[in-house]
Amino acid sequence: MADGTAINKWSDPDFTADGTRRAAVGLKQLETLWFNTGTLCNIECVNCYIESSPTNDRLVYLTPEDVAPYLAEARQMGTQEIGFTGGEPMMNKDIIRILEMTLEHGFQTLVLTNAMKPLMRPRVQEGLLDLKERFGSQLTLRISLDHYSKELHEKERGKDTYQPALDGMQWLAENGFTMTAAGRTCWGEDESEARQGYKKVFDSIGVQIDVTDPEALVLFPEMNDGGDPPEITVECWGILNKKPSDIMCATSRMVVRHKGAGRAEVQACTLLAYDQQFNLGGSLEEASQPVKLNHPHCATFCVLGGGSCS
């Protein structure tokens, strides 16, 4: 700290362990508002970014009543895109109504899904087809495919998760949905090699995704690699030739409802769903305060890894 008192890494919101001023990121513009529809998921990945599983309900299902006031506030703030993540969003019984509300507000709408059994339920498919008919490319689904090979995808996501994901993608493609994909970069291969591997798979099932477009095929850096990332100081911007406005929390926030909470609240980041130091309040106005980069994920995923969920 400023008085020379020793502290541990990541323990002080204002100073790093060596007493240097910690970096913070102000909200430039709320371009993307995320909703975590609930942390329950039909599968349990080895390294899920927020520990979603068939039993983790630390974030409970959002309801249309939870979502509505944030959509109205986001519209006033000039937000263009609404994103939905989980857990698996298609497991939320209200997901079709929530998506309909979002689309009716005129937002570009992005849904992250594993495209497996929850998406293939007749009620969900019927609802999605109706939304696609009414709103077209205003709705995009981003499919999580951690690797183009069955072996490595299932190393992360578990046995019998690869083909169902491809089946879901094929159904979406056959029905004309706008679709993108997301993988990971933890496999130690060249990025161009990975993108070509995805292209072969997509071509084989009739999915048209431009694998050369980093927004159409997002390859995320790993966060929990067992390393000891450096804390980010104000000097790091110049050292790394980056700007605070490059970081995800300069343009996004995430709405969640913690189990037992009386209302939905806003977290600074899609990756820090439980940490109360990143709970910014009950409204988007409250959540417009700067975010102090006081977590290893801030360094590994965002600043050094260059990752962004948007």
# chains A, B, ... in the order shown; residues from 1 in each chain; ligands from 1

$ select_by_dssp --residues "region 35-80 of chain A" --states "alpha helix (DSSP H)" --output "NGL selection string"
:A and (64-76)

$ write_last_selection --atoms "all heavy atoms" --output "mmCIF file, in the first residue's frame"
data_model
loop_
_atom_site.group_PDB
_atom_site.id
_atom_site.type_symbol
_atom_site.label_atom_id
_atom_site.label_comp_id
_atom_site.auth_asym_id
_atom_site.auth_seq_id
_atom_site.Cartn_x
_atom_site.Cartn_y
_atom_site.Cartn_z
ATOM 1 N N PRO A 64 -38.843 -13.407 -16.508
ATOM 2 C CA PRO A 64 -39.143 -12.205 -17.291
ATOM 3 C C PRO A 64 -39.244 -10.957 -16.431
ATOM 4 O O PRO A 64 -38.849 -9.869 -16.867
ATOM 5 C CB PRO A 64 -40.480 -12.550 -17.949
ATOM 6 C CG PRO A 64 -40.454 -14.044 -18.076
ATOM 7 C CD PRO A 64 -39.770 -14.522 -16.831
ATOM 8 N N GLU A 65 -39.755 -11.110 -15.219
ATOM 9 C CA GLU A 65 -39.874 -9.958 -14.308
ATOM 10 C C GLU A 65 -38.504 -9.447 -13.876
ATOM 11 O O GLU A 65 -38.321 -8.240 -13.651
ATOM 12 C CB GLU A 65 -40.704 -10.351 -13.083
ATOM 13 C CG GLU A 65 -42.165 -10.620 -13.365
ATOM 14 C CD GLU A 65 -42.425 -11.929 -14.105
ATOM 15 O OE1 GLU A 65 -41.592 -12.867 -13.981
ATOM 16 O OE2 GLU A 65 -43.456 -12.014 -14.826
ATOM 17 N N ASP A 66 -37.519 -10.350 -13.734
ATOM 18 C CA ASP A 66 -36.151 -9.925 -13.425
ATOM 19 C C ASP A 66 -35.548 -9.136 -14.580
ATOM 20 O O ASP A 66 -34.846 -8.144 -14.382
ATOM 21 C CB ASP A 66 -35.256 -11.143 -13.158
ATOM 22 C CG ASP A 66 -35.581 -11.881 -11.871
ATOM 23 O OD1 ASP A 66 -35.937 -11.216 -10.890
ATOM 24 O OD2 ASP A 66 -35.460 -13.124 -11.867
ATOM 25 N N VAL A 67 -35.820 -9.587 -15.780
ATOM 26 C CA VAL A 67 -35.148 -9.054 -16.968
ATOM 27 C C VAL A 67 -35.716 -7.709 -17.421
ATOM 28 O O VAL A 67 -34.972 -6.817 -17.847
ATOM 29 C CB VAL A 67 -35.238 -10.094 -18.115
ATOM 30 C CG1 VAL A 67 -34.762 -9.502 -19.438
ATOM 31 C CG2 VAL A 67 -34.448 -11.347 -17.754
ATOM 32 N N ALA A 68 -37.036 -7.563 -17.316
ATOM 33 C CA ALA A 68 -37.722 -6.416 -17.924
ATOM 34 C C ALA A 68 -37.130 -5.057 -17.546
ATOM 35 O O ALA A 68 -36.870 -4.231 -18.436
ATOM 36 C CB ALA A 68 -39.212 -6.472 -17.589
ATOM 37 N N PRO A 69 -36.910 -4.746 -16.257
ATOM 38 C CA PRO A 69 -36.403 -3.395 -15.954
ATOM 39 C C PRO A 69 -35.010 -3.124 -16.506
ATOM 40 O O PRO A 69 -34.689 -1.992 -16.860
ATOM 41 C CB PRO A 69 -36.407 -3.350 -14.416
ATOM 42 C CG PRO A 69 -36.459 -4.768 -13.977
ATOM 43 C CD PRO A 69 -37.194 -5.512 -15.030
ATOM 44 N N TYR A 70 -34.193 -4.152 -16.624
ATOM 45 C CA TYR A 70 -32.852 -3.954 -17.169
ATOM 46 C C TYR A 70 -32.894 -3.709 -18.674
ATOM 47 O O TYR A 70 -32.092 -2.929 -19.202
ATOM 48 C CB TYR A 70 -31.974 -5.163 -16.842
ATOM 49 C CG TYR A 70 -31.647 -5.271 -15.372
ATOM 50 C CD1 TYR A 70 -32.266 -6.217 -14.572
ATOM 51 C CD2 TYR A 70 -30.722 -4.407 -14.783
ATOM 52 C CE1 TYR A 70 -31.964 -6.318 -13.215
ATOM 53 C CE2 TYR A 70 -30.416 -4.488 -13.433
ATOM 54 C CZ TYR A 70 -31.050 -5.447 -12.656
ATOM 55 O OH TYR A 70 -30.757 -5.528 -11.305
ATOM 56 N N LEU A 71 -33.823 -4.352 -19.366
ATOM 57 C CA LEU A 71 -33.971 -4.069 -20.790
ATOM 58 C C LEU A 71 -34.378 -2.619 -21.009
ATOM 59 O O LEU A 71 -33.847 -1.944 -21.906
ATOM 60 C CB LEU A 71 -35.018 -5.005 -21.409
ATOM 61 C CG LEU A 71 -34.658 -6.490 -21.483
ATOM 62 C CD1 LEU A 71 -35.824 -7.273 -22.087
ATOM 63 C CD2 LEU A 71 -33.389 -6.721 -22.294
ATOM 64 N N ALA A 72 -35.305 -2.142 -20.185
ATOM 65 C CA ALA A 72 -35.745 -0.748 -20.325
ATOM 66 C C ALA A 72 -34.602 0.217 -20.030
ATOM 67 O O ALA A 72 -34.399 1.205 -20.748
ATOM 68 C CB ALA A 72 -36.920 -0.488 -19.383
ATOM 69 N N GLU A 73 -33.821 -0.084 -18.989
ATOM 70 C CA GLU A 73 -32.712 0.796 -18.629
ATOM 71 C C GLU A 73 -31.617 0.753 -19.703
ATOM 72 O O GLU A 73 -31.032 1.790 -20.053
ATOM 73 C CB GLU A 73 -32.148 0.368 -17.272
ATOM 74 C CG GLU A 73 -31.237 1.409 -16.638
ATOM 75 C CD GLU A 73 -30.761 1.024 -15.258
ATOM 76 O OE1 GLU A 73 -31.054 -0.108 -14.797
ATOM 77 O OE2 GLU A 73 -30.074 1.851 -14.636
ATOM 78 N N ALA A 74 -31.346 -0.446 -20.232
ATOM 79 C CA ALA A 74 -30.326 -0.572 -21.272
ATOM 80 C C ALA A 74 -30.709 0.202 -22.524
ATOM 81 O O ALA A 74 -29.862 0.810 -23.187
ATOM 82 C CB ALA A 74 -30.107 -2.045 -21.612
ATOM 83 N N ARG A 75 -31.984 0.181 -22.843
ATOM 84 C CA ARG A 75 -32.439 0.922 -24.018
ATOM 85 C C ARG A 75 -32.186 2.414 -23.836
ATOM 86 O O ARG A 75 -31.760 3.105 -24.771
ATOM 87 C CB ARG A 75 -33.929 0.648 -24.230
ATOM 88 C CG ARG A 75 -34.449 1.080 -25.588
ATOM 89 C CD ARG A 75 -35.862 0.600 -25.800
ATOM 90 N NE ARG A 75 -36.341 0.908 -27.126
ATOM 91 C CZ ARG A 75 -37.554 0.612 -27.577
ATOM 92 N NH1 ARG A 75 -38.407 -0.007 -26.775
ATOM 93 N NH2 ARG A 75 -37.922 0.925 -28.792
ATOM 94 N N GLN A 76 -32.423 2.920 -22.645
ATOM 95 C CA GLN A 76 -32.176 4.338 -22.366
ATOM 96 C C GLN A 76 -30.694 4.675 -22.453
ATOM 97 O O GLN A 76 -30.325 5.810 -22.775
ATOM 98 C CB GLN A 76 -32.713 4.695 -20.979
ATOM 99 C CG GLN A 76 -34.222 4.632 -20.869
ATOM 100 C CD GLN A 76 -34.709 4.940 -19.455
ATOM 101 O OE1 GLN A 76 -33.926 4.941 -18.494
ATOM 102 N NE2 GLN A 76 -36.001 5.198 -19.309
#

$ residues_around --residues "region 91-100 of chain A" --least-positions-apart "5" --cutoff "10 Å" --atoms "only C-alpha atoms" --output "PyMOL selection string"
chain A and resi 37-42+60-68+82-84+86+105-107+109-111+113+117-119+121+123-128+130-131+134-135+139

$ residues_around --residues "Pro230 (chain A)" --least-positions-apart "3" --cutoff "12 Å" --atoms "only C-alpha atoms" --output "count of residues only"
21

$ closest_residue --among "A:Arg257, A:Val46, A:Met116, A:Phe278" --to "Pro164 (chain A)" --atoms "only C-alpha atoms"
A:Met116

$ closest_residue --among "A:Ile247, A:Val234, A:Glu215, A:Met90" --to "Cys269 (chain A)" --atoms "only C-alpha atoms"
A:Ile247

$ atom_distance --atom1 "CA of Ala287 (chain A)" --atom2 "CA of Leu219 (chain A)"
28.1 Å

$ residues_around --residues "Gly158 (chain A)" --least-positions-apart "5" --cutoff "8 Å" --atoms "only C-alpha atoms" --output "PDB file with all heavy atoms, in the first residue's frame"
ATOM      1  N   ILE A  43     -24.557 -30.437 -18.639  1.00  0.00           N
ATOM      2  CA  ILE A  43     -23.268 -31.112 -18.572  1.00  0.00           C
ATOM      3  C   ILE A  43     -22.373 -30.387 -17.569  1.00  0.00           C
ATOM      4  O   ILE A  43     -22.692 -29.277 -17.111  1.00  0.00           O
ATOM      5  CB  ILE A  43     -22.573 -31.181 -19.949  1.00  0.00           C
ATOM      6  CG1 ILE A  43     -22.353 -29.771 -20.515  1.00  0.00           C
ATOM      7  CG2 ILE A  43     -23.376 -32.045 -20.909  1.00  0.00           C
ATOM      8  CD1 ILE A  43     -21.559 -29.756 -21.816  1.00  0.00           C
ATOM      9  N   GLU A  44     -21.240 -31.011 -17.250  1.00  0.00           N
ATOM     10  CA  GLU A  44     -20.264 -30.391 -16.349  1.00  0.00           C
ATOM     11  C   GLU A  44     -18.894 -30.453 -16.998  1.00  0.00           C
ATOM     12  O   GLU A  44     -18.298 -31.519 -17.115  1.00  0.00           O
ATOM     13  CB  GLU A  44     -20.243 -31.107 -14.996  1.00  0.00           C
ATOM     14  CG  GLU A  44     -19.324 -30.446 -13.977  1.00  0.00           C
ATOM     15  CD  GLU A  44     -19.469 -31.028 -12.581  1.00  0.00           C
ATOM     16  OE1 GLU A  44     -20.224 -32.008 -12.415  1.00  0.00           O
ATOM     17  OE2 GLU A  44     -18.832 -30.504 -11.654  1.00  0.00           O
ATOM     18  N   CYS A  45     -18.405 -29.319 -17.449  1.00  0.00           N
ATOM     19  CA  CYS A  45     -17.115 -29.261 -18.124  1.00  0.00           C
ATOM     20  C   CYS A  45     -15.981 -29.312 -17.111  1.00  0.00           C
ATOM     21  O   CYS A  45     -16.139 -28.922 -15.944  1.00  0.00           O
ATOM     22  CB  CYS A  45     -17.008 -27.991 -18.954  1.00  0.00           C
ATOM     23  SG  CYS A  45     -18.242 -27.890 -20.271  1.00  0.00           S
ATOM     24  N   VAL A  46     -14.816 -29.777 -17.562  1.00  0.00           N
ATOM     25  CA  VAL A  46     -13.656 -29.863 -16.678  1.00  0.00           C
ATOM     26  C   VAL A  46     -13.257 -28.484 -16.177  1.00  0.00           C
ATOM     27  O   VAL A  46     -12.933 -28.298 -15.004  1.00  0.00           O
ATOM     28  CB  VAL A  46     -12.475 -30.529 -17.417  1.00  0.00           C
ATOM     29  CG1 VAL A  46     -11.202 -30.453 -16.576  1.00  0.00           C
ATOM     30  CG2 VAL A  46     -12.816 -31.981 -17.743  1.00  0.00           C
ATOM     31  N   HIS A 153     -12.724 -32.225 -27.648  1.00  0.00           N
ATOM     32  CA  HIS A 153     -13.976 -31.636 -27.173  1.00  0.00           C
ATOM     33  C   HIS A 153     -14.503 -32.421 -25.970  1.00  0.00           C
ATOM     34  O   HIS A 153     -14.899 -31.838 -24.955  1.00  0.00           O
ATOM     35  CB  HIS A 153     -15.011 -31.628 -28.292  1.00  0.00           C
ATOM     36  CG  HIS A 153     -16.352 -31.101 -27.863  1.00  0.00           C
ATOM     37  ND1 HIS A 153     -16.640 -29.760 -27.805  1.00  0.00           N
ATOM     38  CD2 HIS A 153     -17.480 -31.750 -27.466  1.00  0.00           C
ATOM     39  CE1 HIS A 153     -17.891 -29.585 -27.390  1.00  0.00           C
ATOM     40  NE2 HIS A 153     -18.416 -30.779 -27.176  1.00  0.00           N
TER      41      HIS A 153
END

$ decode --residues "region 113-131 of chain A" --atoms "C-alpha atoms" --output "short mmCIF file (atom, residue, chain, number, x, y, z; two decimals), in the first residue's frame"
data_model
loop_
_atom_site.label_atom_id
_atom_site.label_comp_id
_atom_site.auth_asym_id
_atom_site.auth_seq_id
_atom_site.Cartn_x
_atom_site.Cartn_y
_atom_site.Cartn_z
CA THR A 113 -25.59 -22.57 -25.92
CA ASN A 114 -24.06 -26.04 -26.11
CA ALA A 115 -26.78 -26.95 -28.69
CA MET A 116 -27.44 -30.26 -26.97
CA LYS A 117 -30.61 -31.82 -25.52
CA PRO A 118 -32.13 -28.67 -23.97
CA LEU A 119 -32.11 -26.94 -27.37
CA MET A 120 -33.55 -30.00 -29.11
CA ARG A 121 -36.69 -30.18 -26.96
CA PRO A 122 -39.80 -29.64 -29.13
CA ARG A 123 -41.07 -26.73 -27.02
CA VAL A 124 -37.74 -24.91 -27.31
CA GLN A 125 -37.38 -25.64 -31.03
CA GLU A 126 -40.90 -24.42 -31.75
CA GLY A 127 -40.22 -21.22 -29.82
CA LEU A 128 -36.92 -20.60 -31.57
CA LEU A 129 -38.46 -21.19 -34.99
CA ASP A 130 -41.17 -18.65 -34.20
CA LEU A 131 -38.58 -16.09 -33.09
#
